[in-house]
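Asker: Compact mmCIF, C-alpha atoms, file query.txt:
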```
# COMPACT_ATOMS: atom_id res chain seq x y z
CA MET Y 9 29.17 -42.84 59.52
CA PRO Y 10 28.17 -45.78 57.31
CA VAL Y 11 24.52 -46.74 57.37
CA PRO Y 12 23.97 -49.97 59.30
CA PRO Y 13 23.21 -52.77 56.86
CA SER Y 14 20.04 -53.62 58.76
CA ARG Y 15 18.44 -50.18 58.03
CA ALA Y 16 19.35 -49.74 54.30
CA PRO Y 17 16.39 -51.75 52.89
CA LEU Y 18 13.91 -49.57 54.81
CA ARG Y 19 15.04 -46.33 52.98
CA LEU Y 20 15.09 -47.71 49.40
CA PRO Y 21 11.36 -47.17 48.61
CA HIS Y 22 11.62 -43.50 49.65
CA VAL Y 23 14.58 -42.96 47.30
CA VAL Y 24 12.74 -44.52 44.36
CA CYS Y 25 9.63 -42.43 45.00
CA SER Y 26 11.73 -39.27 45.16
CA LEU Y 27 13.39 -40.04 41.85
CA VAL Y 28 10.02 -40.69 40.17
CA LEU Y 29 8.68 -37.42 41.55
CA LEU Y 30 11.71 -35.50 40.24
CA VAL Y 31 11.24 -36.99 36.75
CA LEU Y 32 7.57 -35.98 36.70
CA LEU Y 33 8.39 -32.47 37.85
CA ALA Y 34 11.10 -32.16 35.20
CA GLY Y 35 8.59 -33.17 32.50
CA CYS Y 36 6.10 -30.45 33.52
CA GLY Y 37 8.87 -27.93 33.78
CA ALA Y 38 10.08 -28.71 30.27
CA GLY Y 39 6.64 -28.09 28.89
CA GLY Y 40 6.34 -24.86 30.83
CA PHE Y 41 9.73 -23.47 29.80
CA ALA Y 42 9.07 -24.28 26.15
CA GLY Y 43 5.70 -22.55 26.19
CA THR Y 44 3.98 -25.69 24.90
CA GLU Y 45 0.37 -26.68 25.28
CA MET Y 46 -1.06 -30.09 24.57
CA SER Y 47 -4.35 -30.17 22.74
CA GLY Y 48 -5.43 -33.44 24.32
CA ALA Y 49 -4.63 -37.10 24.59
CA ALA Y 50 -7.04 -38.01 21.75
CA THR Y 51 -4.90 -36.33 19.06
CA GLY Y 52 -1.52 -36.20 20.73
CA GLU Y 53 -0.89 -32.81 19.02
CA ALA Y 54 1.74 -30.52 20.50
CA ARG Y 55 1.75 -26.73 20.28
CA ILE Y 56 5.25 -25.34 19.83
CA ASN Y 57 5.46 -21.62 20.55
CA GLY Y 58 1.70 -21.46 20.07
CA VAL Y 59 1.75 -23.07 16.59
CA PRO Y 60 0.03 -26.46 16.21
CA GLY Y 61 2.52 -29.21 15.41
CA PRO Y 62 1.99 -32.58 13.74
CA PRO Y 63 0.01 -35.20 15.71
CA GLY Y 64 2.19 -36.97 18.22
CA ALA Y 65 4.93 -34.31 18.26
CA ALA Y 66 6.34 -33.76 21.72
CA ALA Y 67 7.97 -30.53 22.83
CA SER Y 68 11.33 -30.30 24.50
CA ALA Y 69 12.73 -27.55 26.67
CA GLY Y 70 13.94 -25.67 23.58
CA GLY Y 71 10.56 -25.70 21.82
CA VAL Y 72 11.81 -28.36 19.34
CA PRO Y 73 10.10 -31.72 18.69
CA ARG Y 74 12.20 -34.57 20.06
CA GLY Y 75 14.37 -36.03 17.36
CA GLY Y 76 13.63 -33.14 14.95
CA SER Y 77 14.92 -29.79 13.81
CA PRO Y 78 13.76 -26.41 15.09
CA ALA Y 79 10.44 -25.36 13.55
CA PRO Y 80 10.94 -22.56 10.97
CA ALA Y 81 9.74 -19.16 12.05
CA ALA Y 82 6.45 -18.11 10.50
CA SER Y 83 6.96 -15.61 7.66
CA PRO Y 84 5.32 -12.25 8.40
CA GLN Y 85 2.43 -11.27 6.16
CA PRO Y 86 3.38 -8.57 3.62
CA THR Y 87 2.10 -5.13 4.60
CA GLU Y 88 -0.93 -4.23 2.47
CA LEU Y 89 -1.73 -0.80 1.09
CA PRO Y 90 -3.75 0.81 3.90
CA GLY Y 91 -7.35 1.85 3.41
CA LEU Y 92 -7.99 -0.43 0.44
CA GLY Y 93 -10.54 -3.21 0.30
CA PRO Y 94 -10.08 -6.57 -1.47
CA LYS Y 95 -11.59 -5.39 -4.77
CA THR Y 96 -9.29 -2.37 -5.00
CA ARG Y 97 -6.21 -4.31 -3.90
CA ALA Y 98 -6.91 -6.94 -6.54
CA ALA Y 99 -6.82 -4.22 -9.21
CA VAL Y 100 -3.25 -3.23 -8.29
CA PRO Y 101 -0.94 -5.09 -10.72
CA ALA Y 102 1.29 -7.67 -9.06
CA ALA Y 103 4.34 -6.12 -10.74
CA ALA Y 104 3.63 -2.61 -9.42
CA ARG Y 105 6.13 -1.52 -6.76
CA GLN Y 106 5.00 2.11 -6.47
CA ALA Y 107 1.45 3.20 -5.71
CA PHE Y 108 0.35 6.83 -5.41
CA VAL Y 109 -2.80 6.50 -3.29
CA VAL Y 110 -5.16 9.49 -3.45
CA THR Y 111 -8.02 9.17 -0.98
CA GLY Y 112 -10.98 11.56 -1.17
CA ASP Y 113 -12.75 12.74 1.95
CA SER Y 114 -16.11 11.57 0.55
CA VAL Y 115 -17.69 10.73 -2.79
CA ASP Y 116 -18.86 14.33 -3.27
CA SER Y 117 -15.77 16.04 -1.81
CA ASN Y 118 -13.08 17.80 -3.85
CA ARG Y 119 -10.46 17.45 -1.12
CA SER Y 120 -8.26 14.43 -0.69
CA THR Y 121 -5.01 13.11 0.77
CA ALA Y 122 -2.12 11.68 -1.27
CA VAL Y 123 0.60 9.22 -0.19
CA LEU Y 124 3.24 7.48 -2.30
CA TYR Y 125 3.87 3.88 -1.22
CA THR Y 126 6.77 1.69 -2.33
CA ARG Y 127 7.62 -1.98 -1.95
CA ASP Y 128 10.76 -3.96 -2.76
CA GLY Y 129 8.92 -6.73 -4.57
CA PRO Y 130 5.71 -8.82 -4.54
CA ALA Y 131 7.22 -11.17 -1.96
CA GLY Y 132 9.04 -8.47 -0.01
CA PRO Y 133 8.21 -6.98 3.36
CA GLY Y 134 5.29 -5.09 1.87
CA TRP Y 135 4.25 -1.53 1.17
CA ARG Y 136 5.73 1.42 3.05
CA ALA Y 137 4.98 5.14 2.80
CA THR Y 138 7.83 7.02 1.10
CA LEU Y 139 6.21 10.41 0.41
CA GLY Y 140 3.32 12.19 2.09
CA PRO Y 141 0.69 12.40 3.33
CA TRP Y 142 -0.02 15.52 1.28
CA PRO Y 143 -3.22 17.53 0.97
CA ALA Y 144 -4.62 17.37 -2.55
CA HIS Y 145 -7.56 18.50 -4.67
CA ASN Y 146 -9.69 16.45 -7.03
CA ALA Y 147 -12.70 17.31 -9.20
CA LEU Y 148 -15.29 19.87 -8.12
CA ASN Y 149 -18.12 17.35 -7.71
CA GLY Y 150 -16.03 14.57 -6.21
CA TRP Y 151 -15.62 11.04 -7.57
CA THR Y 152 -17.34 8.59 -9.91
CA ASP Y 153 -17.04 4.95 -11.00
CA GLU Y 154 -18.10 5.97 -14.53
CA HIS Y 155 -16.48 9.18 -15.67
CA TRP Y 156 -18.01 11.17 -18.53
CA GLU Y 157 -16.81 14.32 -20.25
CA SER Y 158 -17.68 17.50 -18.27
CA ASP Y 159 -19.24 15.65 -15.30
CA LEU Y 160 -16.70 17.43 -13.06
CA ARG Y 161 -15.88 14.22 -11.22
CA SER Y 162 -12.59 12.33 -10.98
CA PRO Y 163 -12.56 8.69 -12.11
CA ILE Y 164 -12.26 6.04 -9.40
CA GLY Y 165 -9.82 3.24 -10.04
CA VAL Y 166 -6.26 2.00 -10.42
CA PHE Y 167 -4.38 3.48 -13.37
CA THR Y 168 -0.77 3.26 -14.55
CA LEU Y 169 1.57 6.26 -14.58
CA THR Y 170 3.79 6.06 -17.65
CA ALA Y 171 4.55 9.61 -18.85
CA ALA Y 172 4.98 13.17 -17.67
CA GLY Y 173 5.42 16.61 -19.13
CA GLY Y 174 5.15 20.30 -18.46
CA ARG Y 175 5.88 23.86 -19.45
CA LEU Y 176 9.02 23.96 -17.32
CA ALA Y 177 12.12 21.83 -17.54
CA PRO Y 178 11.65 18.84 -15.27
CA PRO Y 179 13.43 18.06 -12.05
CA ASP Y 180 15.50 14.90 -12.17
CA THR Y 181 12.93 12.31 -13.24
CA ALA Y 182 13.05 8.84 -14.80
CA LEU Y 183 9.64 9.21 -16.46
CA PRO Y 184 9.49 10.14 -20.15
CA TYR Y 185 8.98 13.92 -20.04
CA ASP Y 186 7.45 16.10 -22.75
CA LEU Y 187 8.73 19.66 -22.33
CA SER Y 188 6.38 21.90 -24.32
CA PRO Y 189 4.93 25.45 -24.25
CA ASP Y 190 1.56 23.83 -25.03
CA PHE Y 191 1.18 23.07 -21.32
CA ARG Y 192 0.54 26.77 -20.72
CA VAL Y 193 -2.89 27.51 -19.20
CA THR Y 194 -4.72 30.75 -18.43
CA GLY Y 195 -8.01 31.75 -16.87
CA GLU Y 196 -9.53 31.19 -13.45
CA GLY Y 197 -10.57 28.22 -11.40
CA PHE Y 198 -13.95 27.55 -9.79
CA HIS Y 199 -13.14 29.86 -6.88
CA GLY Y 200 -11.68 32.63 -9.03
CA GLU Y 201 -8.10 31.51 -8.42
CA PRO Y 202 -5.63 31.93 -11.33
CA LEU Y 203 -4.80 28.75 -13.25
CA GLU Y 204 -1.46 30.01 -14.55
CA GLY Y 205 1.30 27.53 -13.77
CA SER Y 206 -1.01 24.58 -13.08
CA PHE Y 207 0.53 22.56 -15.90
CA ASP Y 208 4.14 23.53 -15.29
CA TYR Y 209 4.59 19.90 -14.18
CA VAL Y 210 2.14 17.07 -14.88
CA VAL Y 211 2.01 13.29 -14.70
CA ALA Y 212 -0.49 11.69 -17.05
CA ILE Y 213 -3.00 9.31 -15.45
CA ASP Y 214 -3.64 6.46 -17.89
CA TYR Y 215 -7.42 6.83 -17.93
CA ASN Y 216 -8.84 6.72 -21.49
CA ARG Y 217 -5.48 7.37 -23.10
CA VAL Y 218 -2.63 5.46 -24.74
CA PRO Y 219 -0.04 4.67 -22.02
CA GLY Y 220 3.45 5.95 -22.62
CA THR Y 221 2.46 8.80 -24.94
CA SER Y 222 2.75 12.51 -24.15
CA PRO Y 223 0.13 13.84 -21.73
CA LEU Y 224 -0.89 16.11 -24.63
CA ASP Y 225 -1.88 13.13 -26.81
CA ARG Y 226 -5.64 13.35 -27.35
CA THR Y 227 -6.25 9.75 -28.39
CA ARG Y 228 -9.29 8.48 -26.44
CA PRO Y 229 -9.66 4.66 -26.70
CA LEU Y 230 -13.04 4.75 -24.87
CA GLY Y 231 -14.32 7.63 -27.00
CA GLU Y 232 -14.37 11.39 -26.51
CA GLU Y 233 -17.58 11.23 -24.48
CA ARG Y 234 -15.77 9.33 -21.70
CA GLY Y 235 -13.46 12.26 -21.04
CA GLY Y 236 -9.68 12.31 -20.82
CA GLY Y 237 -6.72 14.50 -20.05
CA ILE Y 238 -6.77 13.35 -16.42
CA TRP Y 239 -3.47 14.33 -14.85
CA VAL Y 240 -1.67 14.87 -11.58
CA HIS Y 241 -0.66 18.52 -11.80
CA VAL Y 242 0.31 21.61 -9.80
CA ASP Y 243 -2.40 22.74 -7.39
CA HIS Y 244 -3.94 26.15 -8.13
CA GLY Y 245 -5.75 26.44 -4.81
CA GLY Y 246 -9.10 24.96 -5.73
CA PRO Y 247 -10.93 21.94 -7.17
CA THR Y 248 -10.17 20.59 -10.63
CA GLN Y 249 -12.30 19.48 -13.57
CA GLY Y 250 -11.24 15.84 -13.11
CA CYS Y 251 -7.53 15.82 -12.26
CA VAL Y 252 -5.65 15.42 -9.00
CA SER Y 253 -3.47 18.35 -7.89
CA VAL Y 254 -0.75 18.82 -5.28
CA THR Y 255 1.51 21.81 -4.60
CA GLU Y 256 4.43 22.57 -6.91
CA ASP Y 257 7.09 21.37 -4.49
CA ARG Y 258 5.18 18.11 -4.02
CA MET Y 259 4.95 17.66 -7.79
CA LYS Y 260 8.72 17.98 -8.02
CA GLU Y 261 9.15 15.37 -5.28
CA LEU Y 262 6.71 13.03 -7.01
CA LEU Y 263 8.44 13.39 -10.39
CA GLY Y 264 11.78 12.67 -8.75
CA ALA Y 265 10.47 9.56 -7.03
CA LEU Y 266 8.43 7.84 -9.75
CA ASP Y 267 10.41 5.16 -11.54
CA PRO Y 268 9.10 3.37 -14.67
CA ALA Y 269 11.12 0.30 -13.69
CA MET Y 270 8.86 0.01 -10.63
CA GLU Y 271 5.71 0.14 -12.81
CA PRO Y 272 3.99 2.89 -10.79
CA VAL Y 273 0.22 3.20 -10.51
CA ILE Y 274 -2.19 5.69 -9.03
CA VAL Y 275 -4.99 4.38 -6.81
CA MET Y 276 -7.64 7.10 -6.60
CA GLY Y 277 -11.14 7.55 -5.26
CA ASP Y 278 -13.12 8.42 -2.18
CA ALA Y 279 -12.35 6.51 1.00
CA GLU Y 280 -15.55 4.46 0.95
CA SER Y 281 -15.10 3.37 -2.65
CA LEU Y 282 -11.44 2.45 -2.17
CA GLY Y 283 -12.44 0.38 0.85
CA ARG Y 284 -14.51 -2.01 -1.26
```
Please re-express this file's structure in structure tokens.

Answerer:
Amino acid sequence: MPVPPSRAPLRLPHVVCSLVLLVLLAGCGAGGFAGTEMSGAATGEARINGVPGPPGAAASAGGVPRGGSPAPAASPQPTELPGLGPKTRAAVPAAARQAFVVTGDSVDSNRSTAVLYTRDGPAGPGWRATLGPWPAHNALNGWTDEHWESDLRSPIGVFTLTAAGGRLAPPDTALPYDLSPDFRVTGEGFHGEPLEGSFDYVVAIDYNRVPGTSPLDRTRPLGEERGGGIWVHVDHGGPTQGCVSVTEDRMKELLGALDPAMEPVIVMGDAESLGR
């Protein structure tokens, strides 16, 4: 039934108030659905999906400033090589896309763990483990920041990997490979274990040597007293004189994976030193 004309003016204020209340509720709801949070009336800054926006930006129900385009999603931070501190990370060349990280149990330990990490590019998603972790050996007395001949410690640092070689024909590898009978070794290790076969496969670590030359090259740019001939080679079941060693099957995997086009490096040292 139609509302009597005499009563219509009495209901108008209630309708107006209801409409105002609905508008206010809709404004709060929009902020709530968008996940926005105002930082205060003094700055007028809006937070869109938890990210501070420009002063005066207002959020809509879709998390977009009114009159603007959707805010770009924040780019994820590239995954860093685990276990490394800022000093060690800074020593890894920007162009390197393979890193063989060998982490010693302690500065005086001859046992370590090896993992090969790969990344698609400096601006890519970051480093990811592609081989390992593998148990490994290093020098009898552990690690040192300043390696000297016959100190029985492995040098700490980041070194390029540019050449390989061995007594046996290599598995499929992209590294330059020097096949030579001169890699033959005899005798016993520190625990009486036979050394035969230790140099069947090796990757030269570019410490105090000319990169890209055969692992057998004895040129020592730092001088003979600073040692040399530091390799990754086949494990003989005990500590080394300065090298890093992994089992024969792991050496084959490593040789097959290392790619000169990815400018591989080895990052080696005890956990505390690498964490610097």

Asker: For Ser158 in chain Y, list every protein, DNA or RNA residue within 9 Å, evaluated using all atoms listed in the file, and leave out those in the same chain fewer than 3 positions away; present the list as a PyMOL selection string.

Answerer: chain Y and resi 155+161+233+235+249-250

Asker: Only C-alpha atoms, please: the residues just picked out, written as an mmCIF file, keeping the file's coordinate frame.

Answerer:
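And here is the file that came out, again.cif:
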```
data_model
loop_
_atom_site.group_PDB
_atom_site.id
_atom_site.type_symbol
_atom_site.label_atom_id
_atom_site.label_comp_id
_atom_site.auth_asym_id
_atom_site.auth_seq_id
_atom_site.Cartn_x
_atom_site.Cartn_y
_atom_site.Cartn_z
ATOM 1 C CA HIS Y 155 -16.480 9.180 -15.670
ATOM 2 C CA ARG Y 161 -15.880 14.220 -11.220
ATOM 3 C CA GLU Y 233 -17.580 11.230 -24.480
ATOM 4 C CA GLY Y 235 -13.460 12.260 -21.040
ATOM 5 C CA GLN Y 249 -12.300 19.480 -13.570
ATOM 6 C CA GLY Y 250 -11.240 15.840 -13.110
#
```

Asker: Rank nothing, just name the residue among Y:Tyr185, Y:Tyr215, Y:Phe108, Y:Phe207 nearest to Gly236 in chain Y, using only C-alpha atoms.

Answerer: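 Nearest candidate to Gly236 in chain Y out of Y:Tyr185, Y:Tyr215, Y:Phe108, Y:Phe207: Y:Tyr215.
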
Asker: Which residues are near Gly112 in chain Y? Cut-off 8 Å, all atoms listed in the file, ignore same chain within fewer than 3 positions. Put them as a list in words.

Answerer: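 Residues near the query, excluding close chain neighbours: Val115, Ser117, Asn118, Arg119, Ser120, Thr121, Asn146, Gly150, Trp151, Met276, Gly277, Asp278 and Ala279 of chain Y.
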
Asker: Quick one: write out the picked residues with C-alpha atoms as a PDB file, in the coordinates of the input?

Answerer:
```
ATOM      1  CA  VAL Y 115     -17.690  10.730  -2.790  1.00  0.00           C
ATOM      2  CA  SER Y 117     -15.770  16.040  -1.810  1.00  0.00           C
ATOM      3  CA  ASN Y 118     -13.080  17.800  -3.850  1.00  0.00           C
ATOM      4  CA  ARG Y 119     -10.460  17.450  -1.120  1.00  0.00           C
ATOM      5  CA  SER Y 120      -8.260  14.430  -0.690  1.00  0.00           C
ATOM      6  CA  THR Y 121      -5.010  13.110   0.770  1.00  0.00           C
ATOM      7  CA  ASN Y 146      -9.690  16.450  -7.030  1.00  0.00           C
ATOM      8  CA  GLY Y 150     -16.030  14.570  -6.210  1.00  0.00           C
ATOM      9  CA  TRP Y 151     -15.620  11.040  -7.570  1.00  0.00           C
ATOM     10  CA  MET Y 276      -7.640   7.100  -6.600  1.00  0.00           C
ATOM     11  CA  GLY Y 277     -11.140   7.550  -5.260  1.00  0.00           C
ATOM     12  CA  ASP Y 278     -13.120   8.420  -2.180  1.00  0.00           C
ATOM     13  CA  ALA Y 279     -12.350   6.510   1.000  1.00  0.00           C
TER      14      ALA Y 279
END
```

Asker: For range 160-203 of chain Y versus range 97-104 of chain Y, which residues have an atom no more than 10 Å away, and what is each residue's nearest atom pair and distance in Å rounded to one decimal, using all atoms listed in the file, chain-then-number order, as a tab-separated table?

Answerer:
```
residue	atom	partner	partner_atom	distance
Y:Gly165	CA	Y:Ala99	CA	8.1
Y:Val166	CA	Y:Ala99	CA	6.4
Y:Phe167	CA	Y:Val100	CA	8.5
Y:Thr168	CA	Y:Ala104	CA	9.0
```

Asker: Return the single residue from Y:Val123, Y:Ser114, Y:Val275, Y:Ile213 that is closest to Asn149 in chain Y, with distances computed using all atoms listed in the file.

Answerer: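 Using all atoms listed in the file, the shortest distance to Asn149 in chain Y belongs to Y:Ser114.
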
Asker: Have a look at CA of Arg127 in chain Y and CA of Val254 in chain Y and let me know their distance in Å, one decimal.

Answerer: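 Separation between CA of Arg127 in chain Y and CA of Val254 in chain Y: 22.7 Å.
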
Asker: Compile the contact shell of range 189-193 of chain Y as a PyMOL selection string: residues with an atom at most 7 Å away, counting all atoms listed in the file, same-chain residues fewer than 5 positions apart removed.

Answerer: chain Y and resi 174-175+203-205+207-208

Asker: Find the residues near Leu139 in chain Y: any atom within 8 Å, counting only C-alpha atoms, skip ones fewer than 6 places away on the same chain, and give them as an MDAnalysis selection string.

Answerer: chainID Y and resid 123:125 262

Asker: Between Y:Val218, Y:Gly246, Y:Gly93, Y:Arg105, which residue has the minimum interatomic distance to Arg284 in chain Y, considering only C-alpha atoms?

Answerer: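 Going through Y:Val218, Y:Gly246, Y:Gly93, Y:Arg105 one by one, the smallest distance to Arg284 in chain Y is for Y:Gly93.
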
Asker: Residues near Ser188 in chain Y, anyone? I mean within 12 Å using all atoms listed in the file, not counting same-chain ones fewer than 6 positions away, as a VMD selection string.

Answerer: chain Y and resid 172 to 178 207 to 210 222 to 224

Asker: Nearest to Thr181 in chain Y: which of Y:Glu261, Y:Glu280, Y:Glu256, Y:Asp153 is it, counting all atoms listed in the file?

Answerer: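 Closest to Thr181 in chain Y of all the choices is Y:Glu261.
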
Asker: What gap, in Å, lies between CA of Val109 in chain Y and CA of Gly91 in chain Y?

Answerer: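 Result for CA of Val109 in chain Y versus CA of Gly91 in chain Y: 9.3 Å, one decimal.
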
Asker: What is the distance, in Å and to one decimal place, between CA of Asp243 in chain Y and CA of Ser206 in chain Y?

Answerer: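 Here the two named atoms are 6.1 Å from each other.
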
Asker: How would you write as a list in words the residues that get within 9 Å of (6.4, 3.4, -16.6) in the file's frame, counting only C-alpha atoms?

Answerer: Thr168, Leu169, Thr170, Ala171, Ala182, Leu183, Pro184, Pro219, Gly220, Leu266, Asp267, Pro268, Ala269, Met270, Glu271, Pro272 and Val273 of chain Y
